[in-house]
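A.B. asks: Dropping the structure in here first, questions after.
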Amino acid sequence: MSLNQDLLAGPPPTHLPVDPAAAELAELTDPAKVADVVRRHPASPIAWATLGAIATEHGADPVTIYAYARVGYHRSLDMLRRNGWKGHGPVPWEHEPNRGFLMCLALLARSAREIGEDEEWQRCSEFLRDSSPTAYDALLGD
């Protein structure tokens with residue numbers, strides 16, 4: 001161990017790579033067209049987050065939004081792990097490719113609360129706050 005190692009420092013921030021679906025999603029508001037992007041990029045967190053956000057805007061059933069968010073959340077966890085994340089630590093909102101994960105997590109929290117799954121709301125909202133206080137304020141700050 002190095003004498004200069006900070007034993008109290010947490011893990012370094014995780015920075016995901018650019019999501020190839022992001023460019024295709026720019027300015028799309030038609031749910032069918034967003035669903036087409038999801039079909040082309042089913043592993044894309046931002047595609048699932050966008051689908052969930054547009055479904056929310058169009059008054060979709062919270063169970064549907066919860067399902068979109070859950071898929072995007074799990075695809076995000078896979079991507080985070082492939083990029084060095086060890087299950088905790090910062091995932092900064094300021095790094096734009098991280099936003100798909102953070103948006104899925106916020107959608108999952110909010111839709112869980114809407115369907116009465118209070119433990120999931122609590123867990124996901126705390127996870128969002130721990131991952132990125134900025135994202136928490138932007139997406140869930142009440």
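As shown in the structure tokens, the chain order sets the letters A, B, ...; within each chain, residues go from 1, and ligands are also counted from 1 in the order they appear.
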Residues at most 9 Å from Pro42 of chain A, counting only C-alpha atoms, excluding those fewer than 5 positions away in the same chain, as a PDB file with N, CA, C and O atoms, in the first residue's frame?
C.D. replies:
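around-v9.pdb was written with the following content:
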```
ATOM      1  N   VAL A  37     -36.337   3.017 -32.163  1.00  0.00           N
ATOM      2  CA  VAL A  37     -34.953   3.171 -31.700  1.00  0.00           C
ATOM      3  C   VAL A  37     -34.639   2.093 -30.653  1.00  0.00           C
ATOM      4  O   VAL A  37     -33.562   1.493 -30.670  1.00  0.00           O
ATOM      5  N   ALA A  47     -32.411   5.030 -24.593  1.00  0.00           N
ATOM      6  CA  ALA A  47     -33.589   4.692 -25.393  1.00  0.00           C
ATOM      7  C   ALA A  47     -34.750   4.280 -24.487  1.00  0.00           C
ATOM      8  O   ALA A  47     -35.883   4.738 -24.671  1.00  0.00           O
ATOM      9  N   TRP A  48     -34.485   3.449 -23.494  1.00  0.00           N
ATOM     10  CA  TRP A  48     -35.534   3.034 -22.549  1.00  0.00           C
ATOM     11  C   TRP A  48     -36.010   4.217 -21.708  1.00  0.00           C
ATOM     12  O   TRP A  48     -37.205   4.366 -21.454  1.00  0.00           O
ATOM     13  N   GLY A  72     -34.678  -0.590 -18.658  1.00  0.00           N
ATOM     14  CA  GLY A  72     -33.570   0.351 -18.843  1.00  0.00           C
ATOM     15  C   GLY A  72     -32.605   0.341 -17.672  1.00  0.00           C
ATOM     16  O   GLY A  72     -31.385   0.427 -17.855  1.00  0.00           O
ATOM     17  N   ARG A  75     -30.484  -2.860 -17.953  1.00  0.00           N
ATOM     18  CA  ARG A  75     -29.519  -2.718 -19.048  1.00  0.00           C
ATOM     19  C   ARG A  75     -28.407  -1.757 -18.633  1.00  0.00           C
ATOM     20  O   ARG A  75     -27.241  -1.927 -18.969  1.00  0.00           O
TER      21      ARG A  75
END
```
A.B. asks: Identify, on the basis of only C-alpha atoms, every residue whose closest approach to segment 99-113 of chain A does not exceed 7 Å; exclude the query and any residue fewer than 5 positions from it along the same chain; express the result as a short mmCIF file (atom, residue, chain, number, x, y, z; two decimals) with N, CA and C atoms, in the first residue's frame.
C.D. replies:
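What landed in part38.cif:
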```
data_model
loop_
_atom_site.label_atom_id
_atom_site.label_comp_id
_atom_site.auth_asym_id
_atom_site.auth_seq_id
_atom_site.Cartn_x
_atom_site.Cartn_y
_atom_site.Cartn_z
N PRO A 45 -29.65 2.40 -22.42
CA PRO A 45 -30.39 3.02 -21.31
C PRO A 45 -31.14 4.29 -21.73
N ILE A 46 -30.53 5.12 -22.57
CA ILE A 46 -31.20 6.37 -22.95
C ILE A 46 -32.44 6.10 -23.80
N ALA A 49 -35.08 5.06 -21.30
CA ALA A 49 -35.46 6.23 -20.51
C ALA A 49 -36.34 7.17 -21.32
N PRO A 62 -48.92 3.77 -15.20
CA PRO A 62 -47.66 3.72 -14.44
C PRO A 62 -47.00 2.35 -14.45
N ILE A 65 -44.87 2.30 -17.56
CA ILE A 65 -43.68 3.13 -17.34
C ILE A 65 -42.70 2.42 -16.43
N TYR A 66 -43.20 1.78 -15.39
CA TYR A 66 -42.37 1.00 -14.46
C TYR A 66 -41.62 -0.09 -15.24
N ALA A 69 -38.87 1.45 -17.37
CA ALA A 69 -37.79 1.92 -16.50
C ALA A 69 -36.99 0.75 -15.94
N ARG A 70 -37.66 -0.34 -15.59
CA ARG A 70 -36.97 -1.50 -15.02
C ARG A 70 -36.04 -2.13 -16.05
N GLY A 72 -34.68 -0.59 -18.66
CA GLY A 72 -33.57 0.35 -18.84
C GLY A 72 -32.61 0.34 -17.67
N TYR A 73 -33.12 0.22 -16.47
CA TYR A 73 -32.29 0.15 -15.26
C TYR A 73 -31.38 -1.07 -15.30
N SER A 76 -28.78 -0.74 -17.86
CA SER A 76 -27.80 0.23 -17.34
C SER A 76 -26.81 -0.44 -16.40
N TRP A 93 -24.05 13.06 -13.27
CA TRP A 93 -25.01 13.60 -14.22
C TRP A 93 -24.30 14.47 -15.26
N ASP A 118 -43.56 1.25 -2.18
CA ASP A 118 -42.83 2.24 -1.39
C ASP A 118 -41.37 1.85 -1.12
N GLU A 120 -39.39 0.11 -3.04
CA GLU A 120 -38.66 0.33 -4.29
C GLU A 120 -38.44 1.83 -4.51
N TRP A 121 -39.45 2.64 -4.24
CA TRP A 121 -39.30 4.09 -4.34
C TRP A 121 -38.15 4.55 -3.46
N CYS A 124 -34.66 3.18 -4.77
CA CYS A 124 -34.21 3.79 -6.02
C CYS A 124 -33.92 5.28 -5.85
N SER A 125 -34.72 5.98 -5.08
CA SER A 125 -34.45 7.41 -4.89
C SER A 125 -33.16 7.61 -4.10
N LEU A 128 -30.31 6.90 -6.49
CA LEU A 128 -30.10 8.05 -7.37
C LEU A 128 -29.34 9.16 -6.65
N ALA A 135 -28.28 14.76 -10.32
CA ALA A 135 -29.37 14.07 -11.02
C ALA A 135 -30.60 13.97 -10.13
N LEU A 139 -34.06 15.44 -11.37
CA LEU A 139 -35.08 14.50 -11.79
C LEU A 139 -36.14 14.18 -10.74
N LEU A 140 -35.78 14.26 -9.47
CA LEU A 140 -36.73 13.91 -8.41
C LEU A 140 -36.91 14.99 -7.37
#
```
A.B. asks: Find the residues near Gly84 of chain A: any atom within 12 Å, counting only C-alpha atoms, skip ones fewer than 2 places away on the same chain, and give them as a ChimeraX atom specification.
C.D. replies: /A:11-17,77-82,86-91
A.B. asks: Those residues with N, CA and C atoms, as a compact mmCIF listing (two decimals), in the first residue's frame please?
C.D. replies:
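Result written to again_15.txt:
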```txt
# COMPACT_ATOMS: atom_id res chain seq x y z
N PRO A 11 -14.84 5.04 -4.46
CA PRO A 11 -14.46 4.63 -5.82
C PRO A 11 -14.49 5.83 -6.76
N PRO A 12 -13.73 5.75 -7.83
CA PRO A 12 -13.73 6.86 -8.79
C PRO A 12 -15.08 6.93 -9.52
N PRO A 13 -15.40 8.07 -10.06
CA PRO A 13 -16.66 8.20 -10.81
C PRO A 13 -16.66 7.28 -12.03
N THR A 14 -17.82 6.78 -12.35
CA THR A 14 -17.99 5.96 -13.55
C THR A 14 -18.47 6.86 -14.67
N HIS A 15 -17.82 6.73 -15.81
CA HIS A 15 -18.19 7.50 -17.00
C HIS A 15 -18.51 6.51 -18.12
N LEU A 16 -19.77 6.39 -18.45
CA LEU A 16 -20.18 5.48 -19.51
C LEU A 16 -19.79 6.02 -20.87
N PRO A 17 -19.62 5.11 -21.84
CA PRO A 17 -19.32 5.58 -23.20
C PRO A 17 -20.56 6.19 -23.84
N LEU A 77 -27.32 -1.27 -15.50
CA LEU A 77 -26.43 -1.96 -14.55
C LEU A 77 -25.41 -2.81 -15.30
N ASP A 78 -25.87 -3.49 -16.35
CA ASP A 78 -24.94 -4.28 -17.16
C ASP A 78 -23.85 -3.39 -17.75
N MET A 79 -24.24 -2.26 -18.29
CA MET A 79 -23.29 -1.34 -18.91
C MET A 79 -22.34 -0.74 -17.88
N LEU A 80 -22.88 -0.36 -16.73
CA LEU A 80 -22.04 0.18 -15.66
C LEU A 80 -20.97 -0.83 -15.25
N ARG A 81 -21.37 -2.07 -15.04
CA ARG A 81 -20.41 -3.10 -14.63
C ARG A 81 -19.33 -3.32 -15.69
N ARG A 82 -19.73 -3.31 -16.96
CA ARG A 82 -18.75 -3.48 -18.03
C ARG A 82 -17.77 -2.31 -18.10
N LYS A 86 -18.38 -0.95 -9.51
CA LYS A 86 -18.35 -2.08 -8.58
C LYS A 86 -19.59 -2.16 -7.69
N GLY A 87 -20.68 -1.55 -8.10
CA GLY A 87 -21.91 -1.63 -7.33
C GLY A 87 -22.21 -0.40 -6.49
N HIS A 88 -21.29 0.54 -6.48
CA HIS A 88 -21.52 1.80 -5.76
C HIS A 88 -20.51 2.82 -6.27
N GLY A 89 -20.77 4.04 -5.89
CA GLY A 89 -19.87 5.12 -6.30
C GLY A 89 -20.55 6.09 -7.23
N PRO A 90 -19.92 7.21 -7.46
CA PRO A 90 -20.54 8.27 -8.26
C PRO A 90 -20.71 7.90 -9.74
N VAL A 91 -21.85 8.32 -10.26
CA VAL A 91 -22.16 8.21 -11.68
C VAL A 91 -22.64 9.61 -12.06
```
A.B. asks: Quick check, in Å to one decimal: how far apart do atom CA of Gly116 of chain A and atom CA of Val63 of chain A lie?
C.D. replies: 10.5 Å
A.B. asks: Using only C-alpha atoms, can you tell me which of A:Asp130, A:Asp19, A:Glu94, A:Asp137 comes closest to Ser44 of chain A?
C.D. replies: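 So, comparing all the options, the nearest one is A:Asp19.
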